[in-house]
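J.: So I've got this file, query-v2.cif, and it contains mmCIF, C-alpha atoms and all ligand atoms:
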```cif
data_work
#
loop_
_atom_site.group_PDB
_atom_site.id
_atom_site.type_symbol
_atom_site.label_atom_id
_atom_site.label_comp_id
_atom_site.auth_asym_id
_atom_site.auth_seq_id
_atom_site.Cartn_x
_atom_site.Cartn_y
_atom_site.Cartn_z
ATOM 1 C CA MET A 1 -121.242 -167.073 115.013
ATOM 2 C CA SER A 2 -119.866 -167.125 118.491
ATOM 3 C CA LYS A 3 -122.309 -167.908 121.198
ATOM 4 C CA ARG A 4 -120.596 -165.719 123.689
ATOM 5 C CA ARG A 5 -123.034 -163.399 125.345
ATOM 6 C CA MET A 6 -122.882 -159.756 124.566
ATOM 7 C CA SER A 7 -124.417 -157.002 126.556
ATOM 8 C CA ALA A 8 -127.392 -155.299 124.990
ATOM 9 C CA GLN A 9 -125.483 -152.058 124.937
ATOM 10 C CA ARG A 10 -122.544 -153.574 123.085
ATOM 11 C CA LYS A 11 -124.917 -155.204 120.629
ATOM 12 C CA GLY A 12 -126.554 -151.870 120.033
ATOM 13 C CA GLU A 13 -123.214 -150.211 119.359
ATOM 14 C CA ILE A 14 -122.202 -152.820 116.814
ATOM 15 C CA GLY A 15 -125.644 -152.740 115.281
ATOM 16 C CA ALA A 16 -125.571 -148.966 114.934
ATOM 17 C CA GLN A 17 -122.161 -149.106 113.285
ATOM 18 C CA ARG A 18 -123.254 -151.714 110.786
ATOM 19 C CA MET A 19 -126.460 -149.896 110.052
ATOM 20 C CA LYS A 20 -124.510 -146.742 109.315
ATOM 21 C CA VAL A 21 -122.255 -148.564 106.846
ATOM 22 C CA LEU A 22 -125.197 -150.232 105.129
ATOM 23 C CA LEU A 23 -127.140 -146.996 104.873
ATOM 24 C CA VAL A 24 -124.175 -145.202 103.309
ATOM 25 C CA LEU A 25 -123.877 -148.031 100.776
ATOM 26 C CA SER A 26 -127.598 -147.834 100.161
ATOM 27 C CA GLU A 27 -127.496 -144.097 99.467
ATOM 28 C CA GLN A 28 -124.530 -144.562 97.155
ATOM 29 C CA SER A 29 -126.424 -147.207 95.222
ATOM 30 C CA VAL A 30 -129.384 -144.880 94.727
ATOM 31 C CA ARG A 31 -127.030 -142.235 93.341
ATOM 32 C CA GLU A 32 -125.518 -144.805 91.006
ATOM 33 C CA GLY A 33 -128.943 -145.744 89.746
ATOM 34 C CA ARG A 34 -129.000 -149.158 91.371
ATOM 35 C CA PRO A 35 -132.233 -149.233 93.369
ATOM 36 C CA ASP A 36 -132.106 -153.021 93.632
ATOM 37 C CA ARG A 37 -128.885 -152.872 95.608
ATOM 38 C CA ALA A 38 -130.029 -149.848 97.578
ATOM 39 C CA ARG A 39 -133.154 -151.698 98.633
ATOM 40 C CA ARG A 40 -131.131 -154.700 99.745
ATOM 41 C CA TYR A 41 -128.774 -152.598 101.850
ATOM 42 C CA ALA A 42 -131.622 -150.623 103.374
ATOM 43 C CA ASP A 43 -133.449 -153.827 104.211
ATOM 44 C CA LEU A 44 -130.376 -155.298 105.904
ATOM 45 C CA ALA A 45 -129.928 -152.122 107.917
ATOM 46 C CA ARG A 46 -133.561 -152.210 108.951
ATOM 47 C CA ARG A 47 -133.269 -155.838 110.042
ATOM 48 C CA ILE A 48 -130.152 -155.171 112.073
ATOM 49 C CA GLY A 49 -132.084 -152.362 113.703
ATOM 50 C CA MET A 50 -134.891 -154.696 114.644
ATOM 51 C CA LYS A 51 -132.639 -157.471 115.848
ATOM 52 C CA THR A 52 -130.446 -155.281 118.000
ATOM 53 C CA ARG A 53 -133.370 -153.004 118.875
ATOM 54 C CA THR A 54 -131.557 -149.960 117.653
ATOM 55 C CA ARG A 55 -133.359 -147.058 116.106
ATOM 56 C CA MET A 56 -132.524 -145.851 112.653
ATOM 57 C CA PRO A 57 -130.241 -142.808 112.685
ATOM 58 C CA ASP A 58 -132.389 -139.684 112.742
ATOM 59 C CA ASP A 59 -131.043 -138.244 109.520
ATOM 60 C CA VAL A 60 -131.873 -141.312 107.476
ATOM 61 C CA ARG A 61 -135.403 -142.089 106.423
ATOM 62 C CA ILE A 62 -136.459 -145.117 104.524
ATOM 63 C CA CYS A 63 -139.519 -144.880 102.340
ATOM 64 C CA LYS A 64 -142.107 -147.390 103.502
ATOM 65 C CA GLY A 65 -143.468 -147.730 100.008
ATOM 66 C CA CYS A 66 -140.360 -148.742 98.092
ATOM 67 C CA LEU A 67 -137.846 -149.268 100.925
ATOM 68 C CA LEU A 68 -135.299 -146.881 99.473
ATOM 69 C CA PRO A 69 -133.539 -144.244 101.548
ATOM 70 C CA MET A 70 -135.143 -140.873 100.934
ATOM 71 C CA MET A 71 -132.658 -138.249 99.860
ATOM 72 C CA PRO A 72 -133.881 -134.750 99.100
ATOM 73 C CA GLY A 73 -132.777 -133.727 95.637
ATOM 74 C CA VAL A 74 -132.144 -137.309 94.562
ATOM 75 C CA ASN A 75 -135.316 -139.337 94.919
ATOM 76 C CA CYS A 76 -137.377 -137.191 97.219
ATOM 77 C CA ARG A 77 -139.106 -133.838 96.863
ATOM 78 C CA VAL A 78 -139.476 -131.666 99.927
ATOM 79 C CA ARG A 79 -141.929 -128.796 100.128
ATOM 80 C CA MET A 80 -142.850 -126.496 102.936
ATOM 81 C CA GLY A 81 -146.580 -126.159 103.482
ATOM 82 C CA LYS A 82 -148.440 -123.867 105.817
ATOM 83 C CA HIS A 83 -148.394 -126.293 108.712
ATOM 84 C CA HIS A 84 -146.481 -129.226 107.326
ATOM 85 C CA ILE A 85 -143.305 -130.233 105.655
ATOM 86 C CA THR A 86 -144.273 -132.467 102.784
ATOM 87 C CA ALA A 87 -141.780 -134.999 101.533
ATOM 88 C CA CYS A 88 -142.688 -136.958 98.448
ATOM 89 C CA CYS A 89 -140.835 -140.050 97.317
ATOM 90 C CA THR A 90 -140.314 -139.750 93.575
ATOM 91 C CA GLU A 91 -139.696 -143.499 93.239
ATOM 92 C CA CYS A 92 -143.102 -144.661 94.319
ATOM 93 C CA GLY A 93 -145.003 -141.411 94.890
ATOM 94 C CA ARG A 94 -145.601 -141.910 98.572
ATOM 95 C CA ILE A 95 -146.167 -138.722 100.512
ATOM 96 C CA TYR A 96 -145.006 -137.993 104.041
ATOM 97 C CA ARG A 97 -146.158 -135.011 106.038
ATOM 98 C CA ARG A 98 -144.646 -133.756 109.215
ATOM 99 C CA PRO A 99 -146.166 -130.913 111.173
ATOM 100 C CA TYR A 100 -144.036 -128.181 112.582
ATOM 101 C CA LEU A 101 -146.289 -126.666 115.177
ATOM 102 C CA LYS A 102 -143.542 -126.125 117.697
ATOM 103 C CA GLU A 103 -141.778 -123.482 115.669
ATOM 104 C CA GLN A 104 -145.041 -121.715 114.866
ATOM 105 C CA ARG A 105 -146.074 -121.301 118.490
ATOM 106 C CA GLU A 106 -143.036 -119.261 119.341
HETATM 107 ZN ZN ZN A 201 -140.852 -144.683 97.880
#
```
Represent the structure of the file as structure tokens.
Ligand SMILES: [Zn+2]

T.:
Amino acid sequence: MSKRRMSAQRKGEIGAQRMKVLLVLSEQSVREGRPDRARRYADLARRIGMKTRTRMPDDVRICKGCLLPMMPGVNCRVRMGKHHITACCTECGRIYRRPYLKEQRE
């Protein structure tokens, strides 16, 4: 590794790029029925995110229970409730709820 200094912004850009690649690989692995690989890729992406202080892309969510990317229709069940969207990870059964009050107030 070169010790040359990089600006935080540049680091973030590279980090985001690498995270994207790893997350795509991770999702592919889930589809291929290789959760072990998927978990490894997702973990690497998460670590890059922490190291470069970059947030995960908004469209990708990693289950905190089993560390796999959650993909509706593949390993995640999404239901609309009265006040919440409920997403359930079918790998480990963890449930996530997200309110959608904003839309209801309109
Ligand atoms: Zn899970």

J.: Between atom CA of A:Glu13 and atom CA of A:Leu44, what distance in Å does the model show, to one decimal?

T.: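 Those two atoms sit 16.1 Å apart.
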
J.: Please write out the residues within 6 Å of ligand ZN 201 (chain A) as a list of chain:residue names, counting all atoms listed in the file.

T.: A:Cys63, A:Gly65, A:Cys66, A:Cys89, A:Glu91, A:Cys92, A:Arg94

J.: Find the residue from A:Gly12, A:Met80, A:Thr86, A:Leu23 that sits nearest to A:Arg61; use all atoms listed in the file when measuring.

T.: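 Closest candidate: A:Leu23.
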
J.: Atom CA of A:Gly49 and atom CA of A:Val78, how far apart in Å?

T.: 25.9 Å

J.: Go through the shown structure with the PyMOL selection byres (((chain A and resi 59) around 12) and not hetatm) and write out the matching residues as a PDB file with C-alpha atoms, in the coordinates of the input.

T.:
```
ATOM      1  CA  LYS A  20    -124.510-146.742 109.315  1.00  0.00           C
ATOM      2  CA  LEU A  23    -127.140-146.996 104.873  1.00  0.00           C
ATOM      3  CA  VAL A  24    -124.175-145.202 103.309  1.00  0.00           C
ATOM      4  CA  ARG A  55    -133.359-147.058 116.106  1.00  0.00           C
ATOM      5  CA  MET A  56    -132.524-145.851 112.653  1.00  0.00           C
ATOM      6  CA  PRO A  57    -130.241-142.808 112.685  1.00  0.00           C
ATOM      7  CA  ASP A  58    -132.389-139.684 112.742  1.00  0.00           C
ATOM      8  CA  VAL A  60    -131.873-141.312 107.476  1.00  0.00           C
ATOM      9  CA  ARG A  61    -135.403-142.089 106.423  1.00  0.00           C
ATOM     10  CA  ILE A  62    -136.459-145.117 104.524  1.00  0.00           C
ATOM     11  CA  PRO A  69    -133.539-144.244 101.548  1.00  0.00           C
ATOM     12  CA  MET A  70    -135.143-140.873 100.934  1.00  0.00           C
ATOM     13  CA  MET A  71    -132.658-138.249  99.860  1.00  0.00           C
ATOM     14  CA  PRO A  72    -133.881-134.750  99.100  1.00  0.00           C
TER      15      PRO A  72
END
```

J.: When distances are computed from all atoms listed in the file, which of A:Arg47, A:Arg40, A:Arg53, A:Cys76 shows the smallest separation from A:Arg10?

T.: A:Arg53

J.: Could you jot down the atom CA of A:Gly93 to atom CA of A:Arg39 separation for me, Å, one decimal place?

T.: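 Interatomic distance, atom CA of A:Gly93 to atom CA of A:Arg39: 16.1 Å.
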
J.: Taking the file as I've supplied it (selection: the PyMOL selection byres (((chain A and resi 52) around 8) and not hetatm)), which residues are included? Please answer as number ranges by chain.

T.: A: 8, 11-12, 15, 48-51, 53-54

J.: Write out as a count of residues only the residues lying within 7 Å of A:Arg97, counting all atoms listed in the file and excluding same-chain residues fewer than 4 positions away.

T.: 4

J.: Given all atoms listed in the file as the basis, pick out the residue of A:Val30, A:Ala45, A:Leu101, A:Ile95 nearest to A:Asn75.

T.: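 With all atoms listed in the file as the atom set, the closest residue is A:Val30.
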
J.: Calculated over only C-alpha atoms, which of the candidates A:Arg98, A:Arg5, A:Arg46, A:Lys82 has the smallest distance to A:Ser26?

T.: A:Arg46

J.: Out of A:Ser29, A:Gly81, A:Thr90, A:Ala42, which residue has the shortest atom-to-atom distance to A:Leu68 when counting only C-alpha atoms?

T.: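 Using only C-alpha atoms, A:Leu68 sits closest to A:Ala42.
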
J.: Measuring atom to atom with only C-alpha atoms, identify which of A:Asp43, A:Arg79, A:Gln9, A:Arg4 is nearest to A:Leu25.

T.: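 Of the candidates, the smallest distance to A:Leu25 is held by A:Asp43.
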